[in-house]
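Right, one structure below, let's go through it.
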Amino acid sequence: MPFRVGPTELVLILLLALLLFGPGRLSHLARELGQSIREFRRGLTAEEEKKPEETPREPPTAPRG
């Protein structure tokens with residue numbers, strides 16, 4: 001069952017978060033979340049660069065005999 005979040009629900013969630021954490025803490029949390037996402041993407045890019053490129057395999061030779 002997919003979650004459908006409309007504009008009304010989104011505003012309600014943001015207001016609730018603002019009440020729970022306050023404006024200072026909420027901006028700090030958003031900044032940390034953005035940095036975490038950036039680091040995650042950097043890690044994925046670095047991981048892809050480290051992978052060795054696949055070399056084509058030689059076709060199997062017919063058995064002698």
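Chain labels follow the order of the structure tokens: the first chain is A, the next B, and so on; residue numbering restarts at 1 in every chain, and ligands are counted from 1 in their shown order.
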- [ ] From chain A, collect each residue whose DSSP state is helix (DSSP H, G or I) and return the set as a PyMOL selection string.
- [x] chain A and resi 7-50
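Neighbouring residues of region 26-32 of chain A at 10 Å or closer, counting only C-alpha atoms and skipping chain neighbours under 6 positions away, are Leu14, Ala17, Leu18, Leu19, Leu20 and Arg38 of chain A.
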Export of the given selection (N, CA, C and O atoms) as a compact mmCIF listing (two decimals), in the first residue's frame:
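So again.txt came out as:
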```
# COMPACT_ATOMS: atom_id res chain seq x y z
N LEU A 14 5.46 19.11 8.53
CA LEU A 14 6.47 20.14 8.76
C LEU A 14 6.16 20.98 10.00
O LEU A 14 7.07 21.31 10.77
N ALA A 17 7.02 18.85 13.04
CA ALA A 17 8.47 18.81 13.23
C ALA A 17 8.97 20.12 13.81
O ALA A 17 9.86 20.13 14.68
N LEU A 18 8.43 21.24 13.35
CA LEU A 18 8.84 22.54 13.86
C LEU A 18 8.49 22.68 15.34
O LEU A 18 9.29 23.20 16.13
N LEU A 19 7.33 22.18 15.73
CA LEU A 19 6.95 22.23 17.14
C LEU A 19 7.81 21.32 18.00
O LEU A 19 8.15 21.65 19.14
N LEU A 20 8.16 20.14 17.48
CA LEU A 20 8.94 19.20 18.26
C LEU A 20 10.40 19.63 18.42
O LEU A 20 10.97 19.53 19.52
N ARG A 38 25.01 13.93 0.55
CA ARG A 38 26.16 14.25 -0.30
C ARG A 38 27.29 13.25 -0.11
O ARG A 38 27.90 12.78 -1.07
```
